[in-house]
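K.L.:
The structure file my_file_14.txt (compact mmCIF, C-alpha atoms) is provided below.
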```
# COMPACT_ATOMS: atom_id res chain seq x y z
CA LEU A 1 19.83 74.71 67.53
CA LYS A 2 17.85 77.93 67.26
CA LEU A 3 21.08 79.90 66.89
CA ILE A 4 22.22 77.59 64.09
CA LYS A 5 18.84 77.90 62.35
CA ASP A 6 18.88 81.70 62.69
CA TRP A 7 22.43 81.91 61.37
CA LYS A 8 21.57 79.66 58.42
CA PHE A 9 18.71 82.02 57.55
CA ILE A 10 20.88 85.14 57.87
CA GLU A 11 23.61 83.60 55.74
CA ALA A 12 21.10 82.49 53.09
CA LYS A 13 19.57 85.99 53.02
CA GLU A 14 22.96 87.66 52.49
CA LEU A 15 23.99 85.17 49.80
CA ALA A 16 20.65 85.73 48.06
CA LYS A 17 21.28 89.51 48.01
CA VAL A 18 24.71 88.97 46.47
CA SER A 19 23.23 86.54 43.95
CA GLU A 20 20.54 89.01 42.91
CA GLY A 21 23.25 91.59 42.20
CA ARG A 22 25.24 89.02 40.27
CA ILE A 23 22.21 88.15 38.11
CA GLN A 24 22.15 91.82 37.04
CA THR A 25 25.88 91.62 36.25
CA ILE A 26 25.25 88.48 34.18
CA ASP A 27 22.56 90.34 32.22
CA SER A 28 25.00 93.20 31.51
CA PHE A 29 27.70 90.78 30.38
CA GLU A 30 25.24 88.90 28.19
CA LYS A 31 24.46 92.18 26.41
CA MET A 32 28.20 92.72 25.75
CA ILE A 33 28.47 89.22 24.27
CA LYS A 34 25.45 89.74 22.00
CA GLU A 35 27.02 92.98 20.78
CA ASN A 36 30.30 91.11 20.01
CA LYS A 37 32.36 93.52 22.11
CA SER A 38 36.16 93.42 21.96
CA GLU A 39 37.71 90.81 24.24
CA ARG A 40 40.68 93.06 25.03
CA ASP A 41 38.93 96.39 25.50
CA VAL A 42 35.62 95.33 27.08
CA ILE A 43 35.34 91.63 28.01
CA GLN A 44 38.70 91.17 29.77
CA PRO A 45 38.36 94.26 31.98
CA PHE A 46 34.79 93.23 32.85
CA ILE A 47 35.84 89.70 33.80
CA GLU A 48 38.78 91.07 35.76
CA GLU A 49 36.22 93.00 37.80
CA PHE A 50 33.81 90.05 38.04
CA PRO A 51 35.95 86.88 37.73
CA TRP A 52 33.20 84.62 39.06
CA LEU A 53 31.74 84.83 35.53
CA LEU A 54 34.46 82.32 34.55
CA ASP A 55 33.45 80.04 37.41
CA PRO A 56 30.62 81.02 39.76
CA LYS A 57 32.27 79.19 42.66
CA LEU A 58 35.26 81.51 42.62
CA ILE A 59 35.21 83.45 45.86
CA SER A 60 38.42 85.32 45.31
CA PHE A 61 40.45 85.62 42.17
CA GLU A 62 44.04 86.56 41.78
CA ARG A 63 45.96 86.31 38.61
CA GLU A 64 48.92 84.00 38.92
CA VAL A 65 51.47 86.76 39.23
CA THR A 66 54.48 84.45 39.37
CA TYR A 67 53.65 82.70 36.10
CA LEU A 68 52.51 85.88 34.37
CA LYS A 69 55.73 87.67 35.34
CA TYR A 70 57.77 84.70 34.17
CA LEU A 71 55.80 84.56 30.92
CA ARG A 72 56.35 88.25 30.24
CA GLU A 73 60.07 87.91 30.83
CA ASN A 74 60.74 84.54 29.15
CA PHE A 75 57.98 83.47 26.74
CA ASP A 76 58.98 83.90 23.11
CA ASP A 77 55.87 85.46 21.63
CA SER A 78 57.44 86.83 18.45
CA ASN A 79 55.49 84.38 16.26
CA LEU A 80 52.14 85.68 17.48
CA GLU A 81 50.81 88.13 14.93
CA ASP A 82 48.64 90.41 17.03
CA GLU A 83 50.86 92.53 19.29
CA THR A 84 47.99 93.22 21.68
CA ASN A 85 47.02 89.57 22.10
CA ARG A 86 50.30 88.01 23.16
CA ARG A 87 49.61 87.11 26.76
CA ILE A 88 47.42 84.70 28.61
CA ASP A 89 44.18 86.47 29.43
CA PHE A 90 43.54 84.80 32.77
CA LEU A 91 45.71 82.36 34.64
CA THR A 92 44.58 81.19 38.04
CA SER A 93 44.79 78.26 40.36
CA MET A 94 42.04 76.84 42.51
CA SER A 95 41.89 74.46 45.43
CA ASP A 96 42.44 71.34 43.29
CA ASN A 97 46.07 72.36 42.63
CA THR A 98 45.48 72.81 38.91
CA LEU A 99 46.54 75.87 36.97
CA TYR A 100 43.71 77.14 34.78
CA ILE A 101 44.31 79.18 31.65
CA PHE A 102 41.39 81.12 30.21
CA GLU A 103 42.05 82.44 26.72
CA LEU A 104 39.22 84.77 25.72
CA LYS A 105 38.34 85.55 22.13
CA ARG A 106 35.83 87.95 20.65
CA PRO A 107 32.41 86.26 20.90
CA ASP A 108 31.77 85.87 17.16
CA ILE A 109 35.34 85.10 16.05
CA LYS A 110 35.98 81.80 14.25
CA ILE A 111 38.46 79.52 16.03
CA LYS A 112 41.67 79.43 14.04
CA THR A 113 44.51 76.93 14.27
CA LYS A 114 46.84 79.69 15.50
CA TYR A 115 44.60 80.23 18.57
CA VAL A 116 44.84 76.55 19.48
CA GLU A 117 48.61 76.62 18.89
CA GLN A 118 48.85 79.70 21.13
CA VAL A 119 47.12 77.81 23.95
CA TYR A 120 49.38 74.78 23.43
CA ASP A 121 52.43 77.05 23.57
CA TYR A 122 51.31 78.53 26.89
CA GLU A 123 50.69 75.08 28.36
CA SER A 124 54.03 73.66 27.23
CA PHE A 125 55.83 76.74 28.53
CA ILE A 126 54.26 76.32 31.97
CA HIS A 127 55.17 72.62 31.96
CA LYS A 128 58.74 73.53 31.08
CA ILE A 129 59.12 75.67 34.21
CA SER A 130 56.89 73.50 36.46
CA PRO A 131 56.78 69.94 35.07
CA ASN A 132 54.62 68.50 37.85
CA ILE A 133 51.80 71.02 37.75
CA LYS A 134 48.45 70.15 36.15
CA VAL A 135 47.25 72.64 33.56
CA LYS A 136 43.75 72.95 32.10
CA THR A 137 43.02 75.42 29.35
CA PHE A 138 39.75 76.96 28.27
CA LEU A 139 39.35 78.75 24.97
CA VAL A 140 36.31 80.97 25.35
CA THR A 141 34.25 82.19 22.39
CA ASN A 142 30.67 81.96 21.21
CA ASN A 143 31.54 80.80 17.70
CA CYS A 144 32.72 77.18 17.71
CA GLU A 145 33.22 77.14 13.94
CA MET A 146 36.77 76.10 13.03
CA ASP A 147 38.91 74.64 10.29
CA ARG A 148 39.74 70.89 10.16
CA THR A 149 43.24 71.30 11.61
CA ALA A 150 41.98 73.24 14.63
CA GLN A 151 39.18 70.67 15.09
CA SER A 152 41.67 67.80 15.03
CA MET A 153 43.96 69.52 17.55
CA ILE A 154 41.04 70.28 19.86
CA ASP A 155 39.63 66.74 19.61
CA SER A 156 43.02 65.36 20.61
CA ALA A 157 43.43 67.77 23.52
CA THR A 158 39.91 67.27 24.90
CA GLN A 159 40.50 63.51 25.16
CA THR A 160 43.23 64.21 27.72
CA ASN A 161 40.96 66.62 29.64
CA LYS A 162 43.61 69.34 29.34
CA PHE A 163 41.68 71.56 26.98
CA GLU A 164 38.11 72.63 26.57
CA ILE A 165 36.19 75.11 24.50
CA LYS A 166 33.69 77.06 26.53
CA THR A 167 31.16 79.43 25.10
CA TYR A 168 30.27 82.66 26.80
CA THR A 169 26.69 81.39 26.68
CA GLU A 170 27.69 78.31 28.72
CA LEU A 171 29.60 80.41 31.25
CA LEU A 172 26.64 82.74 31.68
CA ALA A 173 24.16 79.87 31.97
CA ALA A 174 26.29 78.20 34.66
CA ALA A 175 26.69 81.44 36.61
CA SER A 176 23.00 82.25 36.29
CA SER A 177 21.89 78.78 37.37
CA TYR A 178 24.27 78.78 40.33
CA HIS A 179 23.00 82.12 41.62
CA LYS A 180 19.34 81.35 40.96
CA ASN A 181 19.75 78.18 43.05
CA ILE A 182 21.08 80.27 45.94
CA ILE A 183 18.09 82.61 45.67
CA ASP A 184 15.67 79.69 45.51
CA LYS A 185 17.21 78.08 48.61
CA TYR A 186 16.78 81.34 50.49
CA TYR A 187 13.08 81.51 49.61
CA ILE A 188 12.65 77.88 50.65
CA LEU A 189 14.12 78.73 54.07
```
Hey, can you dump this file as structure tokens for me?

P.N.:
Amino acid sequence: LKLIKDWKFIEAKELAKVSEGRIQTIDSFEKMIKENKSERDVIQPFIEEFPWLLDPKLISFEREVTYLKYLRENFDDSNLEDETNRRIDFLTSMSDNTLYIFELKRPDIKIKTKYVEQVYDYESFIHKISPNIKVKTFLVTNNCEMDRTAQSMIDSATQTNKFEIKTYTELLAAASSYHKNIIDKYYIL
């Protein structure tokens, strides 16, 4: 029992150290969001380095190479206007056997119908090649202002629990809360 207690303390101490470092990372990312940094040039590379910002419970993160390769080779993206924004930003699967798409937008950008259509296109493409896989999509921005058509499409998709708008503020709050709880538990021990 003493060994178990000692190990629990050691593990809590190490997790608390990691969490303290992650709180500093969260603060840095929050500054980028407030400055409305480019999603392609700044935010995506930062999240690729620290993917737990998308979900603090992510221990390891690998992009879904199979789907991304297939998308690059077979997805017709000619109708997307912005040449640099034609691919899914992050595509990953977790233990619940669901494929998660994270489409990141610049923090202050208004949600346009074409962004929602882009996400729908990705989802339907994945279902075409793997009809039995569950897909959940997150459109990430800090500006939830949108036109009526986009709002209607999003309302419809959220009812099926296939689509959700997340704000960077929500992601940071969840990550911060998660890591502060770990630190608090360590101090309780």

K.L.:
Within 10 Å of (31.0, 73.7, 37.5) (coordinates as in the file), grab all the protein and nucleic acid residues, counting all atoms listed in the file, and write them out as a ChimeraX atom specification.

P.N.:
/A:54-57,171,174-175,178

K.L.:
Compare A:Ile183, A:Leu172, A:Leu91, A:Ile4 by their minimum atom-to-atom distance to Trp52 in chain A, counting only C-alpha atoms, and give me the closest one.

P.N.:
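The answer is A:Leu172, which sits nearest to Trp52 in chain A.
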
K.L.:
Give as a tab-separated table (two decimals) with C-alpha atoms, in the coordinates of the input the set of residues within 8 Å of the point (45.6, 74.4, 34.4), where distances use the file's coordinates and only C-alpha atoms.

P.N.:
```
chain	number	residue	atom	x	y	z
A	91	LEU	CA	45.71	82.36	34.64
A	92	THR	CA	44.58	81.19	38.04
A	93	SER	CA	44.79	78.26	40.36
A	98	THR	CA	45.48	72.81	38.91
A	99	LEU	CA	46.54	75.87	36.97
A	100	TYR	CA	43.71	77.14	34.78
A	101	ILE	CA	44.31	79.18	31.65
A	123	GLU	CA	50.69	75.08	28.36
A	133	ILE	CA	51.80	71.02	37.75
A	134	LYS	CA	48.45	70.15	36.15
A	135	VAL	CA	47.25	72.64	33.56
A	136	LYS	CA	43.75	72.95	32.10
A	137	THR	CA	43.02	75.42	29.35
A	162	LYS	CA	43.61	69.34	29.34
```

K.L.:
Which value, in Å to one decimal, gives the distance between CA of Lys185 in chain A and CA of Val18 in chain A?

P.N.:
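Going from CA of Lys185 in chain A over to CA of Val18 in chain A covers 13.4 Å.
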
K.L.:
Let me make sure I understand: among A:Asn132, A:Ile111, A:Asp27, A:Asp121, which one has the smallest atom-to-atom distance to Cys144 in chain A if we use all atoms listed in the file?

P.N.:
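Using all atoms listed in the file, Cys144 in chain A sits closest to A:Ile111.
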
K.L.:
Just want the 10 Å neighbourhood of Glu35 in chain A, counted on only C-alpha atoms, with same-chain residues fewer than 6 positions away dropped. Output as a PyMOL selection string.

P.N.:
chain A and resi 29+107-108

K.L.:
Please enclose the listed atoms of range 124-127 of chain A in an axis-aligned box, pad each side by 4 Å, and write out the centre and the three edge lengths in Å, rounded to one decimal, as AutoDock Vina command-line options.

P.N.:
```
--center_x 54.9 --center_y 74.7 --center_z 29.6 --size_x 9.8 --size_y 12.1 --size_z 12.7
```

K.L.:
Calculate how many Å separate CA of Arg148 in chain A from CA of Leu104 in chain A, rounding to one decimal.

P.N.:
20.9 Å

K.L.:
Calculate how many Å separate CA of Glu20 in chain A from CA of Val140 in chain A, rounding to one decimal.

P.N.:
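It comes out at 24.9 Å.
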